[in-house]
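Trainee: Supplied structure: upload.txt, compact mmCIF, C-alpha atoms.
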# COMPACT_ATOMS: atom_id res chain seq x y z
CA MET A 1176 0.00 0.00 0.00
CA ASN A 1177 1.37 3.41 -1.04
CA ARG A 1178 0.99 5.68 1.98
CA LYS A 1179 1.50 8.77 -0.22
CA LEU A 1180 -2.01 8.26 -1.56
CA LEU A 1181 -3.51 8.46 1.94
CA PRO A 1182 -4.63 11.73 3.55
CA SER A 1183 -2.11 13.43 5.82
CA TRP A 1184 -4.18 12.83 8.98
CA VAL A 1185 -4.28 9.11 8.23
CA ASN A 1186 -0.49 9.02 7.84
CA ARG A 1187 -0.05 10.87 11.12
CA ARG A 1188 -2.33 8.41 12.90
CA LEU A 1189 -0.48 5.44 11.37
CA ASN A 1190 2.85 6.88 12.48
CA GLN A 1191 1.51 7.30 16.02
CA TRP A 1192 0.32 3.68 16.08
CA LEU A 1193 3.67 2.44 14.76
CA VAL A 1194 5.57 4.39 17.41
CA ARG A 1195 3.34 2.96 20.14
CA ALA A 1196 3.59 -0.57 18.72
CA LYS A 1197 7.40 -0.36 18.88
CA LYS A 1198 7.25 0.51 22.59
CA ILE A 1199 4.40 -1.54 24.06
CA SER A 1200 4.05 -5.29 24.59
CA LEU A 1201 0.99 -7.40 25.33
CA PRO A 1202 0.60 -10.17 27.94
CA GLY A 1203 2.07 -13.40 26.61
CA LEU A 1204 4.52 -11.73 24.21
CA GLN A 1205 7.33 -12.06 26.80
CA GLN A 1206 8.11 -8.32 26.80
CA VAL A 1207 8.64 -8.26 23.03
CA PRO A 1208 7.18 -5.16 21.30
CA VAL A 1209 4.01 -5.71 19.30
CA TYR A 1210 5.61 -4.21 16.20
CA ASP A 1211 8.49 -6.71 16.13
CA VAL A 1212 6.14 -9.68 16.55
CA GLY A 1213 3.80 -8.28 13.89
CA VAL A 1214 6.59 -7.92 11.33
CA PHE A 1215 7.69 -11.54 11.74
CA TYR A 1216 4.07 -12.74 11.83
CA VAL A 1217 3.05 -11.00 8.60
CA ASN A 1218 6.20 -12.20 6.83
CA GLY A 1219 5.62 -15.76 8.06
CA ILE A 1220 2.04 -15.80 6.79
CA ALA A 1221 2.95 -14.19 3.46
CA ASN A 1222 5.94 -16.43 2.71
CA GLY A 1223 5.05 -19.61 4.60
CA ALA A 1224 2.62 -21.20 2.09
CA LEU A 1225 0.19 -21.86 4.93
CA GLY A 1226 -2.69 -22.61 2.56
CA VAL A 1227 -0.83 -25.42 0.80
CA ARG A 1228 0.37 -26.91 4.08
CA ALA A 1229 -3.11 -26.65 5.59
CA SER A 1230 -4.51 -28.61 2.63
CA GLY A 1231 -2.06 -31.46 3.27
CA ILE A 1232 -2.83 -31.51 6.99
CA SER A 1233 -6.60 -31.45 6.43
CA PHE A 1234 -6.36 -34.39 4.00
CA ASN A 1235 -4.47 -36.49 6.57
CA PHE A 1236 -6.95 -35.55 9.29
CA PHE A 1237 -9.82 -36.37 6.94
CA MET A 1238 -8.36 -39.83 6.36
CA SER A 1239 -8.08 -40.39 10.12
CA LEU A 1240 -11.50 -38.97 10.98
CA PHE A 1241 -13.72 -41.82 9.82
CA PRO A 1242 -11.74 -44.68 11.43
CA SER A 1243 -11.65 -42.67 14.66
CA ILE A 1244 -15.40 -42.04 14.57
CA ILE A 1245 -16.10 -45.70 13.80
CA PHE A 1246 -13.93 -46.78 16.72
CA LEU A 1247 -15.60 -44.34 19.13
CA PHE A 1248 -19.11 -45.27 18.05
CA THR A 1249 -18.46 -49.03 18.17
CA LEU A 1250 -17.11 -48.52 21.69
CA ILE A 1251 -20.34 -46.88 22.89
CA PRO A 1252 -22.48 -50.10 23.11
CA PHE A 1253 -19.97 -51.46 25.63
CA VAL A 1254 -20.42 -48.46 27.97
CA PRO A 1255 -22.67 -49.62 30.88
CA ILE A 1256 -24.44 -46.28 31.39
CA PRO A 1257 -28.23 -45.96 31.01
CA ASN A 1258 -29.42 -43.63 28.20
CA PHE A 1259 -25.84 -42.92 27.17
CA GLN A 1260 -26.62 -43.43 23.48
CA ASP A 1261 -29.61 -41.07 23.62
CA GLU A 1262 -27.62 -38.31 25.32
CA LEU A 1263 -24.81 -38.72 22.79
CA MET A 1264 -27.26 -38.44 19.90
CA HIS A 1265 -28.66 -35.23 21.39
CA LEU A 1266 -25.13 -33.85 21.70
CA ILE A 1267 -24.29 -34.74 18.08
CA GLN A 1268 -27.55 -33.14 16.95
CA GLU A 1269 -26.62 -29.90 18.72
CA VAL A 1270 -23.12 -29.78 17.23
CA LEU A 1271 -23.84 -30.81 13.63
CA PRO A 1272 -25.93 -28.75 11.20
CA SER A 1273 -29.48 -30.08 10.83
CA ASN A 1274 -29.02 -31.20 7.21
CA THR A 1275 -25.82 -33.07 8.04
CA PHE A 1276 -27.36 -34.75 11.09
CA GLN A 1277 -30.31 -36.06 9.05
CA VAL A 1278 -27.91 -37.76 6.64
CA VAL A 1279 -25.76 -39.52 9.26
CA GLU A 1280 -28.40 -40.17 11.96
CA SER A 1281 -29.41 -43.68 10.83
CA THR A 1282 -25.78 -44.80 10.41
CA ILE A 1283 -24.79 -43.52 13.86
CA LEU A 1284 -27.80 -45.22 15.49
CA ASP A 1285 -26.95 -48.54 13.84
CA ILE A 1286 -23.32 -48.43 15.02
CA THR A 1287 -24.01 -47.20 18.56
CA THR A 1288 -26.73 -49.75 19.38
CA LYS A 1289 -25.11 -53.03 18.25
CA ARG A 1290 -21.96 -54.64 19.63
CA ARG A 1291 -19.37 -55.50 16.97
CA LEU A 1292 -16.05 -56.78 18.34
CA SER A 1293 -14.49 -57.28 14.91
CA LEU A 1294 -15.36 -53.74 13.82
CA LEU A 1295 -14.08 -52.42 17.15
CA SER A 1296 -10.62 -53.98 16.74
CA PHE A 1297 -10.37 -52.92 13.09
CA GLY A 1298 -11.51 -49.40 13.94
CA PHE A 1299 -8.90 -49.12 16.69
CA LEU A 1300 -5.99 -50.16 14.46
CA ALA A 1301 -7.14 -48.02 11.54
CA ALA A 1302 -7.78 -45.01 13.76
CA LEU A 1303 -4.36 -45.31 15.40
CA PHE A 1304 -2.58 -45.64 12.04
CA PHE A 1305 -4.28 -42.76 10.23
CA SER A 1306 -4.34 -40.49 13.28
CA THR A 1307 -0.60 -40.99 13.76
CA ASN A 1308 -0.06 -40.06 10.10
CA GLY A 1309 -2.13 -36.92 10.61
CA ILE A 1310 -0.09 -35.84 13.64
CA SER A 1311 3.13 -36.62 11.74
CA ALA A 1312 2.02 -34.30 8.93
CA LEU A 1313 1.28 -31.62 11.53
CA ILE A 1314 4.75 -32.10 13.08
CA ALA A 1315 6.40 -31.67 9.67
CA SER A 1316 4.43 -28.48 9.07
CA PHE A 1317 5.35 -27.08 12.49
CA ASN A 1318 9.03 -27.78 11.79
CA ALA A 1319 8.72 -25.93 8.48
CA SER A 1320 7.28 -22.89 10.26
CA ALA A 1321 10.08 -22.94 12.84
CA ASN A 1322 12.78 -23.54 10.17
CA ALA A 1323 13.88 -26.57 12.18
CA PHE A 1324 15.24 -29.85 10.82
CA GLU A 1325 13.77 -33.02 12.28
CA SER A 1326 16.55 -34.29 14.53
CA ARG A 1327 14.52 -37.14 16.01
CA SER A 1328 14.54 -40.61 14.52
CA TRP A 1329 11.55 -41.98 12.61
CA LEU A 1330 10.63 -44.30 15.48
CA SER A 1331 10.92 -41.49 18.01
CA MET A 1332 8.71 -39.21 15.92
CA GLN A 1333 6.11 -41.95 15.43
CA PHE A 1334 6.11 -42.62 19.16
CA ILE A 1335 5.57 -38.93 19.94
CA ALA A 1336 2.76 -38.77 17.37
CA MET A 1337 1.14 -41.86 18.89
CA VAL A 1338 1.37 -40.42 22.42
CA LEU A 1339 -0.21 -37.18 21.22
CA VAL A 1340 -3.03 -39.17 19.58
CA VAL A 1341 -3.71 -40.97 22.87
CA ILE A 1342 -3.66 -37.68 24.80
CA LEU A 1343 -6.04 -35.99 22.36
CA PHE A 1344 -8.34 -39.02 22.39
CA GLY A 1345 -8.39 -39.00 26.20
CA LEU A 1346 -9.13 -35.28 26.40
CA THR A 1347 -11.92 -35.59 23.83
CA THR A 1348 -13.47 -38.53 25.69
CA ILE A 1349 -13.34 -36.71 29.03
CA ALA A 1350 -14.86 -33.54 27.56
CA THR A 1351 -17.68 -35.51 25.92
CA GLY A 1352 -18.36 -37.39 29.16
CA LEU A 1353 -18.48 -34.16 31.16
CA ILE A 1354 -21.02 -32.68 28.77
CA ILE A 1355 -23.26 -35.75 28.86
CA PHE A 1356 -23.07 -36.23 32.63
CA GLY A 1357 -23.46 -32.51 33.14
CA LYS A 1358 -26.84 -32.60 31.44
CA GLU A 1359 -27.90 -35.54 33.60
CA ILE A 1360 -26.82 -33.65 36.72
CA LEU A 1361 -28.78 -30.61 35.55
CA LYS A 1362 -31.90 -32.74 35.09
CA MET A 1363 -31.51 -34.17 38.59
CA LEU A 1364 -31.06 -30.70 40.10
CA VAL A 1365 -34.14 -29.40 38.30
CA ALA A 1366 -36.19 -32.43 39.36
CA ASN A 1367 -35.13 -32.03 43.00
CA GLY A 1368 -35.93 -28.33 42.96
CA SER A 1369 -32.34 -27.32 43.66
CA MET A 1370 -32.06 -25.32 40.44
CA GLN A 1371 -35.31 -23.72 39.31
CA SER A 1372 -34.34 -20.33 37.91
CA GLY A 1373 -33.53 -20.06 34.22
CA LEU A 1374 -30.45 -17.97 34.99
CA SER A 1375 -28.93 -20.74 37.13
CA GLN A 1376 -29.54 -23.31 34.41
CA ALA A 1377 -28.04 -21.01 31.78
CA LEU A 1378 -24.94 -20.47 33.93
CA PHE A 1379 -24.61 -24.23 34.46
CA LEU A 1380 -24.79 -24.91 30.71
CA SER A 1381 -22.35 -22.06 30.02
CA GLY A 1382 -19.93 -23.69 32.43
CA GLN A 1383 -20.06 -26.84 30.31
CA TRP A 1384 -18.99 -24.95 27.21
CA LEU A 1385 -16.20 -23.31 29.18
CA VAL A 1386 -15.01 -26.82 30.01
CA ILE A 1387 -14.98 -27.60 26.27
CA LEU A 1388 -12.86 -24.50 25.62
CA LEU A 1389 -10.47 -25.53 28.40
CA PHE A 1390 -10.02 -29.03 26.98
CA MET A 1391 -9.54 -27.61 23.49
CA LEU A 1392 -6.87 -25.26 24.86
CA LEU A 1393 -5.19 -28.23 26.58
CA SER A 1394 -5.21 -30.22 23.32
CA LEU A 1395 -3.67 -27.41 21.28
CA SER A 1396 -1.13 -26.68 24.02
CA PHE A 1397 0.04 -30.31 23.94
CA LEU A 1398 0.39 -30.11 20.15
CA TYR A 1399 2.26 -26.81 20.09
CA TYR A 1400 4.58 -27.76 22.95
CA TYR A 1401 5.51 -31.39 22.21
CA ALA A 1402 5.06 -31.75 18.43
CA PRO A 1403 7.86 -29.49 17.09
CA SER A 1404 11.39 -30.82 16.87
CA LYS A 1405 12.77 -27.70 18.58
CA ARG A 1406 10.64 -26.32 21.42
CA SER A 1407 12.96 -23.39 22.18
CA ASN A 1408 11.43 -21.24 24.93
CA TYR A 1409 7.76 -21.92 24.16
CA ARG A 1410 5.41 -21.86 27.10
CA PHE A 1411 2.89 -24.67 27.51
CA PHE A 1412 -0.11 -22.31 27.49
CA SER A 1413 1.15 -20.13 24.68
CA PRO A 1414 -0.46 -17.10 22.99
CA GLY A 1415 -0.74 -19.14 19.78
CA ALA A 1416 -2.72 -21.90 21.52
CA ILE A 1417 -5.08 -19.36 23.09
CA MET A 1418 -5.61 -17.56 19.78
CA ALA A 1419 -6.18 -20.83 17.88
CA THR A 1420 -8.70 -22.01 20.50
CA LEU A 1421 -10.77 -18.85 20.16
CA LEU A 1422 -10.55 -18.82 16.35
CA ILE A 1423 -11.52 -22.49 15.98
CA THR A 1424 -14.49 -21.95 18.32
CA LEU A 1425 -15.68 -18.93 16.32
CA LEU A 1426 -15.02 -20.76 13.05
CA THR A 1427 -17.04 -23.81 14.13
CA LEU A 1428 -19.98 -21.75 15.39
CA GLY A 1429 -19.99 -19.51 12.32
CA PHE A 1430 -19.63 -22.37 9.85
CA SER A 1431 -22.37 -24.37 11.57
CA TYR A 1432 -24.68 -21.34 11.47
CA TYR A 1433 -23.90 -20.78 7.79
CA LEU A 1434 -24.62 -24.39 6.84
CA GLY A 1435 -27.82 -24.41 8.89
CA HIS A 1436 -29.23 -21.20 7.42
CA PHE A 1437 -27.55 -20.44 4.10
CA GLY A 1438 -25.71 -23.57 2.98
CA ARG A 1439 -27.31 -25.72 0.29
CA TYR A 1440 -24.65 -28.42 -0.01
CA ASN A 1441 -27.04 -31.33 0.43
CA LYS A 1442 -29.49 -29.98 -2.15
CA LEU A 1443 -26.73 -29.42 -4.71
CA TYR A 1444 -24.53 -32.46 -4.08
CA GLY A 1445 -26.74 -34.85 -2.11
CA SER A 1446 -25.05 -36.85 0.64
CA ILE A 1447 -21.62 -35.88 -0.76
CA GLY A 1448 -22.38 -32.34 0.39
CA THR A 1449 -21.75 -33.43 3.98
CA LEU A 1450 -18.25 -34.61 3.08
CA LEU A 1451 -17.61 -31.39 1.17
CA ALA A 1452 -18.64 -29.27 4.15
CA LEU A 1453 -16.47 -31.40 6.44
CA LEU A 1454 -13.44 -30.99 4.17
CA ILE A 1455 -13.90 -27.21 4.09
CA TRP A 1456 -14.14 -27.07 7.88
CA LEU A 1457 -11.04 -29.27 8.30
CA ASN A 1458 -9.08 -27.13 5.85
CA MET A 1459 -9.98 -23.89 7.64
CA SER A 1460 -9.28 -25.44 11.05
CA SER A 1461 -5.87 -26.66 9.86
CA PHE A 1462 -5.11 -23.16 8.60
CA VAL A 1463 -6.02 -21.76 12.04
CA LEU A 1464 -3.72 -24.32 13.69
CA LEU A 1465 -0.84 -23.07 11.57
CA LEU A 1466 -1.74 -19.44 12.32
CA GLY A 1467 -1.54 -20.13 16.04
CA PHE A 1468 1.82 -21.88 15.80
CA GLU A 1469 3.13 -19.13 13.51
CA LEU A 1470 2.40 -16.63 16.28
CA ASN A 1471 4.57 -18.61 18.71
CA VAL A 1472 7.36 -18.77 16.13
CA SER A 1473 7.10 -15.01 15.50
CA ILE A 1474 7.46 -14.27 19.22
CA ARG A 1475 10.56 -16.48 19.38
CA ASN A 1476 12.08 -14.93 16.24
CA ALA A 1477 11.43 -11.42 17.56
CA GLN A 1478 13.17 -12.35 20.82
CA LEU A 1479 16.17 -13.72 18.91
CA GLY A 1480 16.29 -10.58 16.75
CA ILE A 1481 16.34 -8.30 19.80
CA LYS A 1482 19.03 -10.47 21.41
CA LYS A 1483 21.22 -10.25 18.30
CA ASP A 1484 20.79 -6.47 18.16
CA LEU A 1485 21.87 -6.19 21.79
CA GLU A 1486 24.91 -8.39 21.16
CA LEU A 1487 25.90 -6.30 18.13
CA SER A 1488 25.50 -3.05 20.07
CA ASP A 1489 27.61 -4.43 22.93
CA SER A 1490 30.34 -5.60 20.56
CA SER A 1491 30.42 -2.21 18.80
CA GLN A 1492 30.79 -0.44 22.14
CA ASP A 1493 33.68 -2.75 23.07
CA TYR A 1494 35.33 -2.07 19.71
CA GLU A 1495 35.08 1.69 20.19
CA ARG A 1496 36.44 1.34 23.71
CA PHE A 1497 39.62 -0.51 22.67
CA TYR A 1498 40.01 0.92 19.16
CA PRO A 1499 39.50 4.72 19.09
CA LYS A 1500 38.05 6.42 16.07
CA ARG A 1501 40.42 7.95 13.48
CA GLU A 1502 39.25 11.48 14.37
CA ASP A 1503 40.23 10.96 18.01
CA LEU A 1504 43.70 9.77 17.00
CA LEU A 1505 44.24 12.85 14.80
CA LYS A 1506 43.25 15.12 17.68
CA ASP A 1507 45.87 13.53 19.91
CA THR A 1508 48.58 14.13 17.32
Would you mind writing the structure in this file as structure tokens?
Mentor:
Amino acid sequence: MNRKLLPSWVNRRLNQWLVRAKKISLPGLQQVPVYDVGVFYVNGIANGALGVRASGISFNFFMSLFPSIIFLFTLIPFVPIPNFQDELMHLIQEVLPSNTFQVVESTILDITTKRRLSLLSFGFLAALFFSTNGISALIASFNASANAFESRSWLSMQFIAMVLVVILFGLTTIATGLIIFGKEILKMLVANGSMQSGLSQALFLSGQWLVILLFMLLSLSFLYYYAPSKRSNYRFFSPGAIMATLLITLLTLGFSYYLGHFGRYNKLYGSIGTLLALLIWLNMSSFVLLLGFELNVSIRNAQLGIKKDLELSDSSQDYERFYPKREDLLKDT
């Protein structure tokens, strides 16, 4: 953008913002000025081919999604909890757009109500294999953002990817269980008269969604902290993980609202429209994952840049101290 084409008052305001951005820092930026982080962040997004890398990650996640879902759903009939299947169906109906839920409802009911040991074992192995490949693709993309070579062996990287898959699966299972049991607890409290006001019920349900956000933040923090080959000075709860959690939440809510009110994928493409919508959501979510990690990398690069500037300034001062300038030598003569 050519700033000469802008009015003078706009240029003055931009200059004021730039001066402030070079002096102030936000919480989580580790005392690095906003301007320095922003410069690295914009350059990383512009030159990092995030769209291409997000497409590769989303494809690997798409391949792992269906075996994982099959494994989870075939595991449900073995859970000895009354009305667990009904509560899970209500939860899926709330999360998925109405058109998508109508397409997959009969299939989900068939899987979640009948015990299939052979399908359970196959689903577990397939889910573990494809999910590990998806995490491995994410690790490679993180290393590309951090300009780090993979120093770990293939077995070590596969082991880390497998551990991350198990952690993510455990966090997802716990979050789903808390939502389902939370609704049962709410029904019991309402039936006993302990929670009658609508405000109390709304606060209780809001607390459930806060739990979902917390578990999502935990999942992304595990990925950002343990997946890269070089962790440097990343914090576990990093600014990138917090930003990605908020963006994925807004993306999911907005995309679900769009499909429910404006999307016509099922009318145009039939049942394939559901897969198309899922691919678009996975691609955008993968892009957000890379945006969050790119923020962490930008903070680290800005810190390294400031450190190098300080080292150069110190070395120049030492040089001037031991080697006087030519003008000073001429004065002495």
Trainee: For the contact check between range 1233-1263 of chain A and range 1289-1297 of chain A, emit one row per residue of range 1233-1263 of chain A within 7 Å, containing the shortest atom pair and the distance in Å rounded to one decimal, counting only C-alpha atoms, chain then rising number order, as JSON lines.
Mentor:
{"residue": "A:Phe1246", "atom": "CA", "partner": "A:Leu1295", "partner_atom": "CA", "distance": 5.7}
{"residue": "A:Thr1249", "atom": "CA", "partner": "A:Leu1295", "partner_atom": "CA", "distance": 5.6}
{"residue": "A:Leu1250", "atom": "CA", "partner": "A:Leu1295", "partner_atom": "CA", "distance": 6.7}
{"residue": "A:Pro1252", "atom": "CA", "partner": "A:Arg1290", "partner_atom": "CA", "distance": 5.7}
Trainee: Take the selection from the previous step and output its residues with C-alpha atoms, as an mmCIF file, keeping the file's coordinate frame.
Mentor:
data_model
loop_
_atom_site.group_PDB
_atom_site.id
_atom_site.type_symbol
_atom_site.label_atom_id
_atom_site.label_comp_id
_atom_site.auth_asym_id
_atom_site.auth_seq_id
_atom_site.Cartn_x
_atom_site.Cartn_y
_atom_site.Cartn_z
ATOM 1 C CA PHE A 1246 -13.930 -46.780 16.720
ATOM 2 C CA THR A 1249 -18.460 -49.030 18.170
ATOM 3 C CA LEU A 1250 -17.110 -48.520 21.690
ATOM 4 C CA PRO A 1252 -22.480 -50.100 23.110
#
Trainee: Return the single residue from A:Leu1204, A:Leu1343, A:Leu1450, A:Ile1245 that is closest to Arg1410 in chain A, with distances computed using only C-alpha atoms.
Mentor: A:Leu1204
Trainee: Would you kindly identify which residues have an atom no farther than 12 Å from (-11.6, -42.5, 11.8), using only C-alpha atoms and the file's own coordinates, and write them out as number ranges by chain?
Mentor: A: 1235-1249, 1295, 1297-1309, 1344
Trainee: For the atom pair CA of Ser1461 in chain A and CA of Ala1229 in chain A, what is the interatomic distance in Å to one decimal place?
Mentor: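 According to the coordinates, CA of Ser1461 in chain A and CA of Ala1229 in chain A are separated by 5.1 Å.
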Trainee: Rounded to one decimal, what separation in Å do you get between CA of Ile1423 in chain A and CA of Val1463 in chain A?
Mentor: 6.8 Å
Trainee: Can you measure CA of Leu1470 in chain A to CA of Phe1412 in chain A for me? One decimal in Å is fine.
Mentor: 12.8 Å
Trainee: Which residue gives the smallest distance to Ile1232 in chain A among A:Ile1286, A:Met1459, A:Ile1267, A:Ala1336, with all atoms listed in the file counted?
Mentor: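 When distances to Ile1232 in chain A are compared using all atoms listed in the file, the smallest one comes from A:Met1459.
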Trainee: Counting only C-alpha atoms, what is within 9 Å of Tyr1401 in chain A, bar same-chain residues fewer than 6 positions away, as a list in words?
Mentor: Ile1335, Leu1339 and Phe1411 of chain A
Trainee: Taking into account all atoms listed in the file, which residue in the set A:Thr1348, A:Phe1462, A:Leu1425, A:Ser1320 is nearest to Tyr1216 in chain A?
Mentor: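 Nearest to Tyr1216 in chain A: A:Ser1320.
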Trainee: Measuring between only C-alpha atoms, which one of A:Ser1328, A:Gln1478, A:Thr1351, A:Ser1396 shows the shortest distance to Gln1206 in chain A?
Mentor: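 Of A:Ser1328, A:Gln1478, A:Thr1351, A:Ser1396, the one nearest Gln1206 in chain A, counting only C-alpha atoms, is A:Gln1478.
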